[in-house]
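Engineer: Structure file target.cif, mmCIF, C-alpha atoms, is pasted below:
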data_start
loop_
_atom_site.label_atom_id
_atom_site.label_comp_id
_atom_site.auth_asym_id
_atom_site.auth_seq_id
_atom_site.Cartn_x
_atom_site.Cartn_y
_atom_site.Cartn_z
CA MET A 1 65.63 -33.01 -71.91
CA ASN A 2 66.30 -33.34 -68.18
CA SER A 3 66.41 -29.55 -67.77
CA ARG A 4 63.01 -29.41 -69.46
CA LEU A 5 61.47 -32.13 -67.32
CA PRO A 6 60.15 -29.93 -64.46
CA VAL A 7 58.30 -27.54 -66.79
CA LEU A 8 57.00 -30.52 -68.76
CA VAL A 9 55.54 -31.91 -65.52
CA SER A 10 54.03 -28.50 -64.73
CA MET A 11 52.41 -28.31 -68.17
CA VAL A 12 50.97 -31.80 -67.95
CA LEU A 13 49.58 -31.15 -64.46
CA SER A 14 47.98 -27.89 -65.58
CA MET A 15 46.32 -29.70 -68.49
CA LEU A 16 45.14 -32.46 -66.16
CA VAL A 17 43.56 -30.06 -63.68
CA ALA A 18 41.85 -28.09 -66.49
CA ALA A 19 40.54 -31.27 -68.11
CA MET A 20 39.35 -32.73 -64.81
CA ASP A 21 37.53 -29.53 -63.89
CA SER A 22 35.66 -29.40 -67.20
CA THR A 23 34.66 -33.08 -67.17
CA ILE A 24 33.81 -33.53 -63.50
CA MET A 25 31.46 -30.53 -63.48
CA ASN A 26 29.28 -32.12 -66.17
CA THR A 27 28.52 -35.12 -63.96
CA THR A 28 28.22 -33.46 -60.54
CA MET A 29 26.50 -30.14 -61.29
CA PRO A 30 22.97 -31.49 -60.62
CA VAL A 31 24.05 -32.46 -57.09
CA ILE A 32 25.69 -29.05 -56.52
CA ALA A 33 22.61 -27.17 -57.71
CA LYS A 34 20.41 -29.24 -55.41
CA SER A 35 22.69 -28.50 -52.47
CA LEU A 36 22.99 -24.74 -53.05
CA GLY A 37 19.62 -24.04 -54.64
CA GLY A 38 19.19 -21.47 -57.37
CA PHE A 39 18.53 -23.75 -60.34
CA ASP A 40 17.87 -20.64 -62.45
CA LEU A 41 21.65 -20.00 -62.34
CA TYR A 42 22.55 -23.56 -63.37
CA ALA A 43 23.77 -22.64 -66.86
CA TRP A 44 25.72 -19.63 -65.57
CA VAL A 45 28.05 -21.86 -63.56
CA PHE A 46 29.34 -23.13 -66.90
CA ALA A 47 28.94 -19.85 -68.78
CA ALA A 48 30.99 -17.78 -66.31
CA TYR A 49 33.92 -20.18 -66.66
CA MET A 50 33.62 -20.48 -70.44
CA ILE A 51 33.38 -16.73 -71.07
CA ALA A 52 36.34 -15.86 -68.81
CA THR A 53 38.51 -18.59 -70.31
CA THR A 54 37.72 -17.70 -73.91
CA VAL A 55 38.17 -13.95 -73.47
CA LEU A 56 41.46 -14.08 -71.61
CA ALA A 57 43.36 -16.74 -73.56
CA PRO A 58 44.59 -14.37 -76.33
CA VAL A 59 45.28 -11.66 -73.73
CA ALA A 60 47.49 -14.10 -71.82
CA GLY A 61 49.33 -15.05 -75.00
CA ARG A 62 50.10 -11.43 -75.79
CA LEU A 63 51.21 -10.70 -72.23
CA SER A 64 53.61 -13.65 -72.42
CA ASP A 65 55.14 -12.15 -75.58
CA LEU A 66 55.72 -8.90 -73.68
CA PHE A 67 56.78 -10.19 -70.25
CA GLY A 68 57.82 -13.82 -70.66
CA ARG A 69 56.04 -17.16 -70.41
CA LYS A 70 56.91 -18.23 -66.87
CA ARG A 71 55.38 -15.39 -64.87
CA VAL A 72 52.10 -15.29 -66.86
CA PHE A 73 51.75 -19.09 -66.73
CA ALA A 74 52.42 -19.04 -62.98
CA LEU A 75 49.79 -16.31 -62.54
CA GLY A 76 47.26 -18.49 -64.33
CA ILE A 77 47.96 -21.52 -62.12
CA PHE A 78 47.75 -19.36 -58.99
CA LEU A 79 44.43 -17.78 -60.01
CA PHE A 80 43.01 -21.20 -60.87
CA LEU A 81 44.07 -22.41 -57.41
CA ILE A 82 42.37 -19.42 -55.73
CA GLY A 83 39.24 -19.87 -57.83
CA SER A 84 39.05 -23.58 -57.01
CA THR A 85 39.40 -22.86 -53.29
CA LEU A 86 36.65 -20.23 -53.40
CA CYS A 87 34.34 -22.56 -55.39
CA GLY A 88 34.88 -25.24 -52.76
CA VAL A 89 33.64 -22.95 -49.97
CA ALA A 90 30.78 -21.33 -51.92
CA GLN A 91 27.56 -20.99 -49.92
CA SER A 92 25.17 -20.04 -52.72
CA MET A 93 24.81 -20.38 -56.49
CA VAL A 94 25.53 -16.66 -56.89
CA GLN A 95 28.86 -17.11 -55.11
CA LEU A 96 29.63 -20.23 -57.16
CA VAL A 97 28.99 -18.38 -60.43
CA ILE A 98 31.32 -15.54 -59.35
CA PHE A 99 34.03 -17.91 -58.13
CA ARG A 100 33.75 -19.98 -61.32
CA GLY A 101 34.50 -16.74 -63.14
CA VAL A 102 37.69 -16.38 -61.08
CA GLN A 103 38.57 -19.98 -61.88
CA GLY A 104 37.90 -19.26 -65.57
CA ILE A 105 40.26 -16.27 -65.48
CA GLY A 106 42.96 -18.58 -64.15
CA ALA A 107 42.21 -21.17 -66.83
CA GLY A 108 42.35 -18.49 -69.53
CA PHE A 109 45.83 -17.49 -68.36
CA MET A 110 46.90 -21.13 -67.96
CA ILE A 111 45.56 -23.23 -70.83
CA PRO A 112 47.47 -21.67 -73.78
CA PHE A 113 50.90 -22.15 -72.24
CA PRO A 114 51.59 -25.85 -72.73
CA ALA A 115 51.39 -25.20 -76.49
CA ILE A 116 53.28 -21.88 -76.30
CA ILE A 117 56.14 -23.17 -74.11
CA THR A 118 56.36 -26.35 -76.18
CA GLY A 119 56.87 -24.13 -79.22
CA ASP A 120 59.76 -22.38 -77.45
CA LEU A 121 61.56 -25.47 -76.14
CA PHE A 122 61.04 -28.24 -78.67
CA SER A 123 61.63 -28.76 -82.37
CA VAL A 124 58.79 -29.10 -84.88
CA GLU A 125 59.36 -32.85 -84.98
CA GLN A 126 59.07 -33.19 -81.19
CA ARG A 127 56.09 -30.91 -80.59
CA GLY A 128 53.43 -33.39 -81.65
CA LYS A 129 54.66 -35.88 -79.05
CA ILE A 130 54.71 -33.28 -76.28
CA GLN A 131 51.28 -31.91 -77.15
CA ALA A 132 49.94 -35.46 -77.21
CA LEU A 133 50.77 -35.70 -73.49
CA GLY A 134 48.33 -32.87 -72.86
CA THR A 135 45.73 -34.65 -74.97
CA GLY A 136 46.28 -37.78 -72.92
CA MET A 137 45.25 -35.81 -69.84
CA TRP A 138 41.86 -35.12 -71.43
CA GLY A 139 41.47 -38.81 -72.20
CA LEU A 140 42.48 -39.73 -68.65
CA SER A 141 40.01 -37.22 -67.24
CA ALA A 142 37.19 -38.80 -69.28
CA ILE A 143 37.67 -41.95 -67.18
CA MET A 144 38.77 -40.45 -63.86
CA ALA A 145 36.29 -37.58 -63.58
CA PRO A 146 33.07 -39.66 -63.44
CA MET A 147 34.65 -42.02 -60.90
CA LEU A 148 36.03 -39.23 -58.72
CA GLY A 149 32.82 -37.25 -58.97
CA SER A 150 30.76 -40.25 -57.87
CA PHE A 151 33.20 -41.00 -55.04
CA PHE A 152 33.24 -37.44 -53.70
CA VAL A 153 29.46 -37.06 -53.88
CA GLU A 154 28.76 -40.43 -52.23
CA TYR A 155 31.47 -40.63 -49.57
CA LEU A 156 32.68 -37.06 -48.96
CA THR A 157 31.09 -33.91 -50.37
CA TRP A 158 30.81 -32.30 -53.80
CA ARG A 159 33.17 -29.57 -52.54
CA TRP A 160 36.09 -31.96 -53.03
CA ILE A 161 35.71 -31.74 -56.82
CA PHE A 162 37.24 -28.27 -56.35
CA PHE A 163 39.53 -28.97 -53.39
CA ILE A 164 41.25 -31.77 -55.36
CA ASN A 165 42.64 -29.05 -57.65
CA ILE A 166 44.60 -27.41 -54.81
CA PRO A 167 47.44 -29.96 -54.40
CA ILE A 168 47.72 -30.42 -58.16
CA CYS A 169 48.05 -26.66 -58.71
CA ILE A 170 50.62 -26.35 -55.91
CA LEU A 171 52.68 -29.13 -57.47
CA ALA A 172 52.38 -27.47 -60.88
CA LEU A 173 53.71 -24.21 -59.41
CA LEU A 174 56.59 -25.93 -57.64
CA THR A 175 57.70 -27.80 -60.77
CA LEU A 176 57.51 -24.54 -62.74
CA LEU A 177 59.94 -22.71 -60.42
CA PRO A 178 63.16 -24.26 -61.84
CA PHE A 179 62.13 -23.41 -65.40
CA GLN A 180 64.66 -21.22 -67.18
CA GLU A 181 62.83 -20.01 -70.26
CA LYS A 182 64.74 -19.51 -73.49
CA TYR A 183 62.33 -16.96 -74.89
CA THR A 184 63.54 -13.36 -74.55
CA ALA A 185 60.60 -11.13 -73.71
CA LYS A 186 60.02 -7.96 -75.73
CA PRO A 187 58.83 -5.45 -73.09
CA ALA A 188 56.34 -2.85 -74.27
CA ARG A 189 53.42 -0.82 -72.99
CA VAL A 190 50.39 -2.94 -72.15
CA ASP A 191 47.39 -2.06 -74.29
CA TYR A 192 44.84 -1.81 -71.47
CA VAL A 193 42.20 0.00 -73.53
CA GLY A 194 42.47 -2.61 -76.27
CA ALA A 195 42.17 -5.39 -73.70
CA LEU A 196 39.05 -3.75 -72.25
CA LEU A 197 37.42 -3.30 -75.67
CA PHE A 198 38.28 -6.85 -76.69
CA SER A 199 37.04 -8.37 -73.43
CA ALA A 200 33.76 -6.43 -73.55
CA GLY A 201 33.14 -7.31 -77.19
CA VAL A 202 33.81 -11.03 -76.87
CA THR A 203 31.88 -11.27 -73.59
CA LEU A 204 28.80 -9.68 -75.18
CA LEU A 205 29.06 -11.95 -78.23
CA LEU A 206 29.35 -15.04 -76.03
CA MET A 207 26.33 -13.87 -74.03
CA VAL A 208 24.28 -14.60 -77.15
CA THR A 209 25.00 -18.30 -76.59
CA VAL A 210 23.77 -18.39 -72.98
CA VAL A 211 20.82 -15.98 -72.71
CA ASP A 212 17.24 -16.41 -73.88
CA GLU A 213 16.33 -12.74 -74.26
CA TYR A 214 17.88 -9.70 -75.96
CA ARG A 215 20.24 -11.84 -78.04
CA PHE A 216 20.18 -9.35 -80.93
CA LEU A 217 21.10 -6.50 -78.59
CA TYR A 218 23.98 -8.43 -77.05
CA GLY A 219 25.22 -9.44 -80.49
CA LEU A 220 24.99 -5.90 -81.86
CA LEU A 221 26.80 -4.35 -78.90
CA GLY A 222 29.45 -7.08 -79.04
CA ALA A 223 30.03 -6.46 -82.75
CA LEU A 224 30.36 -2.71 -82.14
CA PHE A 225 32.92 -3.24 -79.38
CA ILE A 226 34.91 -5.61 -81.61
CA LEU A 227 34.81 -3.05 -84.45
CA GLY A 228 35.99 -0.38 -82.01
CA PHE A 229 38.74 -2.74 -80.85
CA TYR A 230 39.94 -3.30 -84.43
CA LEU A 231 39.98 0.42 -85.26
CA PHE A 232 41.79 1.22 -82.01
CA GLU A 233 44.38 -1.54 -82.46
CA THR A 234 45.39 -0.43 -85.95
CA LYS A 235 46.66 2.83 -84.44
CA GLN A 236 48.69 1.32 -81.59
CA ALA A 237 52.46 0.88 -81.54
CA SER A 238 52.14 -2.21 -79.33
CA PRO A 239 48.67 -3.64 -80.02
CA LEU A 240 47.07 -6.40 -78.01
CA VAL A 241 46.55 -8.35 -81.24
CA PRO A 242 49.12 -7.44 -83.91
CA PHE A 243 46.92 -7.74 -87.01
CA SER A 244 50.03 -7.67 -89.19
CA MET A 245 50.43 -11.39 -88.46
CA PHE A 246 47.29 -11.98 -90.54
CA ASP A 247 49.16 -10.68 -93.60
CA ASP A 248 50.23 -14.32 -93.95
CA LYS A 249 47.29 -15.96 -95.71
CA ASN A 250 48.01 -19.27 -93.96
CA ILE A 251 47.53 -17.67 -90.55
CA ARG A 252 44.24 -16.20 -91.78
CA TRP A 253 42.93 -19.48 -93.18
CA MET A 254 44.13 -21.56 -90.21
CA ASN A 255 42.05 -19.34 -87.94
CA ILE A 256 39.05 -19.49 -90.28
CA HIS A 257 39.39 -23.26 -90.50
CA GLY A 258 39.75 -23.49 -86.72
CA PHE A 259 36.46 -21.67 -86.21
CA PHE A 260 34.44 -23.76 -88.67
CA GLY A 261 36.02 -27.10 -87.78
CA TRP A 262 35.50 -26.65 -84.06
CA ALA A 263 32.02 -25.15 -84.55
CA ALA A 264 31.08 -28.18 -86.64
CA LEU A 265 31.74 -31.19 -84.44
CA PHE A 266 33.96 -30.40 -81.44
CA GLY A 267 30.81 -30.32 -79.32
CA THR A 268 30.19 -34.01 -80.07
CA ALA A 269 31.84 -34.97 -76.77
CA SER A 270 29.12 -33.06 -74.91
CA PHE A 271 26.31 -35.10 -76.45
CA ILE A 272 27.61 -38.64 -77.08
CA PRO A 273 27.52 -39.52 -73.32
CA LEU A 274 23.93 -38.24 -73.18
CA PHE A 275 22.99 -40.44 -76.16
CA LEU A 276 24.63 -43.51 -74.58
CA GLN A 277 22.95 -42.92 -71.21
CA LYS A 278 19.52 -42.27 -72.70
CA MET A 279 19.35 -44.74 -75.60
CA ALA A 280 21.90 -47.44 -74.70
CA HIS A 281 21.18 -47.16 -70.94
CA LEU A 282 24.87 -47.03 -70.07
CA SER A 283 26.18 -45.72 -66.77
CA ILE A 284 27.83 -42.32 -66.37
CA LEU A 285 31.19 -44.08 -66.15
CA MET A 286 30.80 -46.17 -69.33
CA SER A 287 29.40 -43.27 -71.32
CA GLY A 288 32.47 -41.30 -70.27
CA VAL A 289 34.79 -44.16 -71.23
CA ALA A 290 33.41 -43.97 -74.79
CA LEU A 291 35.09 -40.57 -75.05
CA LEU A 292 38.43 -42.31 -74.55
CA GLY A 293 38.17 -43.22 -78.23
CA SER A 294 38.74 -39.56 -79.02
CA ALA A 295 41.97 -39.55 -77.01
CA VAL A 296 43.15 -42.73 -78.79
CA GLY A 297 42.52 -41.20 -82.21
CA TRP A 298 43.93 -37.82 -81.18
CA MET A 299 47.23 -39.22 -79.94
CA SER A 300 47.66 -41.49 -83.00
CA ALA A 301 47.66 -38.35 -85.16
CA ALA A 302 49.25 -35.80 -82.82
CA VAL A 303 52.38 -37.79 -81.98
CA PRO A 304 53.70 -38.11 -85.57
CA ALA A 305 52.23 -34.78 -86.78
CA GLY A 306 55.53 -32.93 -86.40
CA LYS A 307 57.33 -35.39 -88.69
CA TRP A 308 54.47 -35.30 -91.17
CA ILE A 309 54.63 -31.49 -91.40
CA LEU A 310 58.33 -31.59 -92.26
CA LYS A 311 57.69 -34.31 -94.84
CA TYR A 312 54.40 -33.25 -96.44
CA GLY A 313 53.73 -29.64 -95.43
CA TYR A 314 50.62 -28.09 -93.88
CA ARG A 315 48.07 -28.28 -96.71
CA PRO A 316 47.88 -32.08 -97.16
CA LEU A 317 47.53 -32.60 -93.41
CA PHE A 318 44.74 -30.04 -93.12
CA ILE A 319 42.92 -31.71 -96.00
CA ILE A 320 43.33 -35.23 -94.56
CA GLY A 321 42.25 -34.06 -91.11
CA SER A 322 39.22 -32.28 -92.54
CA LEU A 323 38.29 -35.35 -94.61
CA SER A 324 38.47 -37.46 -91.46
CA LEU A 325 36.28 -34.93 -89.66
CA THR A 326 33.73 -35.13 -92.48
CA VAL A 327 33.75 -38.94 -92.30
CA SER A 328 32.99 -38.75 -88.58
CA GLY A 329 30.14 -36.37 -89.43
CA VAL A 330 28.68 -38.92 -91.86
CA LEU A 331 28.92 -41.67 -89.24
CA LEU A 332 27.16 -39.46 -86.69
CA VAL A 333 24.34 -38.64 -89.13
CA LEU A 334 23.88 -42.42 -89.55
CA LEU A 335 23.69 -42.92 -85.76
CA GLN A 336 20.68 -45.04 -84.78
CA ALA A 337 18.96 -45.67 -81.46
CA GLU A 338 20.21 -49.28 -81.39
CA HIS A 339 23.84 -48.25 -81.86
CA GLY A 340 25.72 -48.66 -78.62
CA PHE A 341 29.12 -48.27 -77.01
CA TRP A 342 31.38 -49.62 -79.77
CA TYR A 343 29.83 -47.62 -82.59
CA ALA A 344 30.20 -44.43 -80.53
CA PHE A 345 33.73 -45.41 -79.53
CA PHE A 346 34.73 -45.93 -83.20
CA VAL A 347 33.21 -42.60 -84.24
CA MET A 348 35.16 -40.86 -81.49
CA VAL A 349 38.39 -42.54 -82.66
CA VAL A 350 37.85 -41.20 -86.20
CA GLN A 351 36.93 -37.76 -84.90
CA GLY A 352 39.82 -37.79 -82.43
CA PHE A 353 42.24 -38.56 -85.28
CA ALA A 354 40.84 -35.60 -87.22
CA PHE A 355 41.07 -33.12 -84.36
CA GLY A 356 44.47 -34.45 -83.25
CA LEU A 357 45.91 -33.86 -86.71
CA LEU A 358 44.21 -30.50 -87.23
CA SER A 359 44.95 -29.21 -83.74
CA THR A 360 48.64 -30.06 -83.71
CA THR A 361 49.27 -28.97 -87.30
CA GLY A 362 47.43 -25.71 -86.70
CA VAL A 363 49.30 -24.88 -83.49
CA ILE A 364 52.69 -25.60 -85.09
CA GLY A 365 51.73 -23.50 -88.12
CA ALA A 366 50.59 -20.63 -85.89
CA GLN A 367 54.02 -20.68 -84.22
CA GLN A 368 56.22 -21.18 -87.27
CA LEU A 369 54.66 -18.64 -89.61
CA VAL A 370 54.95 -15.56 -87.35
CA GLN A 371 57.86 -13.70 -85.79
CA ALA A 372 59.21 -14.98 -82.47
CA HIS A 373 57.74 -12.08 -80.46
CA GLN A 374 54.27 -12.88 -81.90
CA LYS A 375 54.33 -16.61 -81.23
CA GLY A 376 52.41 -16.41 -77.95
CA VAL A 377 49.55 -14.28 -79.24
CA SER A 378 49.36 -16.22 -82.53
CA THR A 379 49.07 -19.55 -80.69
CA SER A 380 46.54 -18.28 -78.17
CA PHE A 381 44.50 -16.48 -80.83
CA LEU A 382 44.13 -19.73 -82.78
CA MET A 383 42.89 -21.36 -79.57
CA PHE A 384 40.54 -18.39 -79.15
CA THR A 385 38.96 -18.83 -82.59
CA ARG A 386 38.54 -22.54 -81.90
CA ASN A 387 36.96 -21.83 -78.51
CA ILE A 388 34.55 -19.35 -80.08
CA GLY A 389 33.68 -21.98 -82.67
CA THR A 390 33.09 -24.56 -79.94
CA ALA A 391 30.81 -22.20 -78.00
CA VAL A 392 28.78 -21.42 -81.11
CA GLY A 393 28.65 -25.08 -82.15
CA VAL A 394 27.54 -26.40 -78.77
CA THR A 395 24.83 -23.73 -78.60
CA ILE A 396 23.47 -24.62 -82.04
CA MET A 397 23.62 -28.35 -81.28
CA GLY A 398 21.82 -27.85 -77.99
CA MET A 399 19.13 -25.80 -79.75
CA PHE A 400 18.49 -28.58 -82.27
CA LEU A 401 18.30 -31.15 -79.49
CA THR A 402 16.00 -29.25 -77.13
CA GLU A 403 13.62 -28.02 -79.83
CA ALA A 404 13.17 -31.42 -81.52
CA THR A 405 9.93 -33.37 -81.18
CA ASP A 406 11.85 -36.42 -79.98
CA PHE A 407 15.39 -37.19 -78.88
CA MET A 408 16.63 -39.10 -81.97
CA SER A 409 15.28 -36.56 -84.45
CA GLY A 410 17.16 -33.90 -82.48
CA ILE A 411 20.31 -36.03 -82.62
CA HIS A 412 20.04 -36.40 -86.40
CA ARG A 413 19.41 -32.68 -87.02
CA MET A 414 22.23 -31.80 -84.67
CA PHE A 415 24.76 -33.99 -86.44
CA LEU A 416 23.51 -33.01 -89.91
CA TYR A 417 24.46 -29.48 -88.93
CA GLY A 418 27.85 -30.83 -87.83
CA LEU A 419 28.36 -32.59 -91.15
CA ILE A 420 27.61 -29.40 -93.10
CA GLY A 421 30.05 -27.49 -90.89
CA SER A 422 32.78 -30.09 -91.43
CA ILE A 423 32.32 -29.79 -95.21
CA ILE A 424 32.79 -26.01 -94.93
CA ALA A 425 35.96 -26.65 -92.90
CA LEU A 426 37.16 -29.08 -95.60
CA ILE A 427 36.67 -26.44 -98.29
CA SER A 428 38.62 -23.88 -96.26
CA ALA A 429 41.50 -26.38 -95.88
CA PHE A 430 42.18 -26.16 -99.62
CA PHE A 431 43.04 -22.47 -99.24
CA ILE A 432 45.97 -23.30 -96.93
CA SER A 433 49.32 -23.64 -98.66
CA ASP A 434 52.54 -25.21 -97.44
CA GLY A 435 53.82 -21.84 -96.32
CA ASN A 436 57.53 -21.21 -95.94
CA ARG A 437 58.83 -24.77 -95.68
CA GLU A 438 62.35 -23.54 -94.86
CA ARG A 439 61.01 -21.59 -91.89
CA ALA A 440 59.27 -24.72 -90.60
CA LEU A 441 62.50 -26.68 -90.90
CA ILE A 442 64.99 -24.32 -89.26
CA ARG A 443 63.00 -22.77 -86.36
#
For this file, produce the structure as structure tokens.
Structural biologist:
Amino acid sequence: MNSRLPVLVSMVLSMLVAAMDSTIMNTTMPVIAKSLGGFDLYAWVFAAYMIATTVLAPVAGRLSDLFGRKRVFALGIFLFLIGSTLCGVAQSMVQLVIFRGVQGIGAGFMIPFPAIITGDLFSVEQRGKIQALGTGMWGLSAIMAPMLGSFFVEYLTWRWIFFINIPICILALLTLLPFQEKYTAKPARVDYVGALLFSAGVTLLLMVTVVDEYRFLYGLLGALFILGFYLFETKQASPLVPFSMFDDKNIRWMNIHGFFGWAALFGTASFIPLFLQKMAHLSILMSGVALLGSAVGWMSAAVPAGKWILKYGYRPLFIIGSLSLTVSGVLLVLLQAEHGFWYAFFVMVVQGFAFGLLSTTGVIGAQQLVQAHQKGVSTSFLMFTRNIGTAVGVTIMGMFLTEATDFMSGIHRMFLYGLIGSIIALISAFFISDGNRERALIR
């Protein structure tokens, strides 16, 4: 364990900096937009980061299968550091959007690796505990980010929300240096054309979630690029995404479940603080603390998930997690204007338990049910389908909220959609079997 400690520190720090960046931007972006001007580009500051991160995560996973985990992970941390520095010195909203794209590229190359490297270094039984550390960073950021954001804005400058990433990234790189990875890379030709087709297709599809005009055109072009990507990949000796891994029905259904489950209710964390601030009149800090319930629930499921897989298999855990997600959907549909902090906190605990169980079980399954040289792309592709689901879900939720006649009716329609999505995810969970239990035990 001692030889693994430096890389464990590096992984935890990378998760912390990614979580802090996502959370702190939500609370400080109004101040940044006022300082730089260009409110018409407000949404693109988030979109540039989200699109780059989502597109590049599966690419990074595949590159790590071909060239090793350490160098690709280090590249991601370095690019995130450069992007953070550039964001901190941005002089206009146009520059900030571009530099957020650079930061998103770094995040896309960085975020999948805690799960991938954990799969290389630790047993199935241990992985839930290790992954729970990363989850704890998201819970910690829910508390720290509003406080740090308020402190920087009031006493220093908003630019420090980016500059604070620099020492953390440097420390993450330094602690990664001693890492001696056990995974033996399988060098092959990089599928640049496939990467270009995939990136163009996913980018165009994600554009549908952030633009107001020409959505059909973006969606159609995106679908055509993805179709071209699929046809091209089936003819490659070393494809970017080896579709043969989807011959395992569990891999197929885990990805389908990941999309619907994350599209259903993962966006809840984006709207609960808004509800608490608007209806319960809570501060930014306290509304953020309510999200800590999700971290509590997540860790209570993620830590023992590895043992539960060995004891019960994948299918029962997916069903229990999906049932818990559906229960949280029911509680959210019943949300009333007079409900305050503790009701929201309890709902987030239930939902956190669901996502903690589903996330950890899915990641372990994505690693155990493919060949060793496909583990990186399988893990990152599952994260990709979940990220796509999240982007779609948040867009639909936001549409229900903004187009409603009043705030609470929008809340109820939004979470009714989430409940229906969670039921679809529950149905898909029944199509997942236990898989090769022996493979889960010995690898």
Engineer: Looking at only C-alpha atoms, which of A:Ser35, A:Ser283, A:Gln236, A:Thr268 is the one that sits closest to Val193 in chain A?
Structural biologist: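 For Val193 in chain A, the nearest of the candidates is A:Gln236.
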Engineer: Pick the closest to Ser380 in chain A from A:Leu332, A:Met299, A:Val363, A:Ile82: which is it, counting only C-alpha atoms?
Structural biologist: A:Val363
Engineer: Residues around (22.3, -38.0, -70.2), cut-off 12 Å, counting only C-alpha atoms - what are they as an MDAnalysis selection string?
Structural biologist: chainID A and resid 26:27 30 269:288 407
Engineer: Applied to this file, what does the PyMOL selection byres ((chain A and resi 323) around 10) return in terms of residues, put as a list in words?
Structural biologist: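 For this structure, the PyMOL selection byres ((chain A and resi 323) around 10) resolves to Leu317, Phe318, Ile319, Ile320, Gly321, Ser322, Ser324, Leu325, Thr326, Val327, Ser328, Gly329, Ala354, Ser422, Ile423, Ala425, Leu426, Ile427 and Ala429 of chain A.
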Engineer: Taking only C-alpha atoms into account, which of A:Leu173, A:Ala301, A:Cys87, A:Leu79 comes nearest Leu8 in chain A?
Structural biologist: A:Leu173
Engineer: Taking only C-alpha atoms into account, which of A:Pro239, A:Gly410, A:Gly201, A:Pro114 comes nearest Tyr218 in chain A?
Structural biologist: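 Comparing A:Pro239, A:Gly410, A:Gly201, A:Pro114 against Tyr218 in chain A, the winner is A:Gly201.
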Engineer: Quick check on the file I pasted: which residues fall under the PyMOL selection byres ((chain A and resi 259) around 9)? Write them as a VMD selection string.
Structural biologist: chain A and resid 254 to 258 260 to 264 382 384 to 390 425
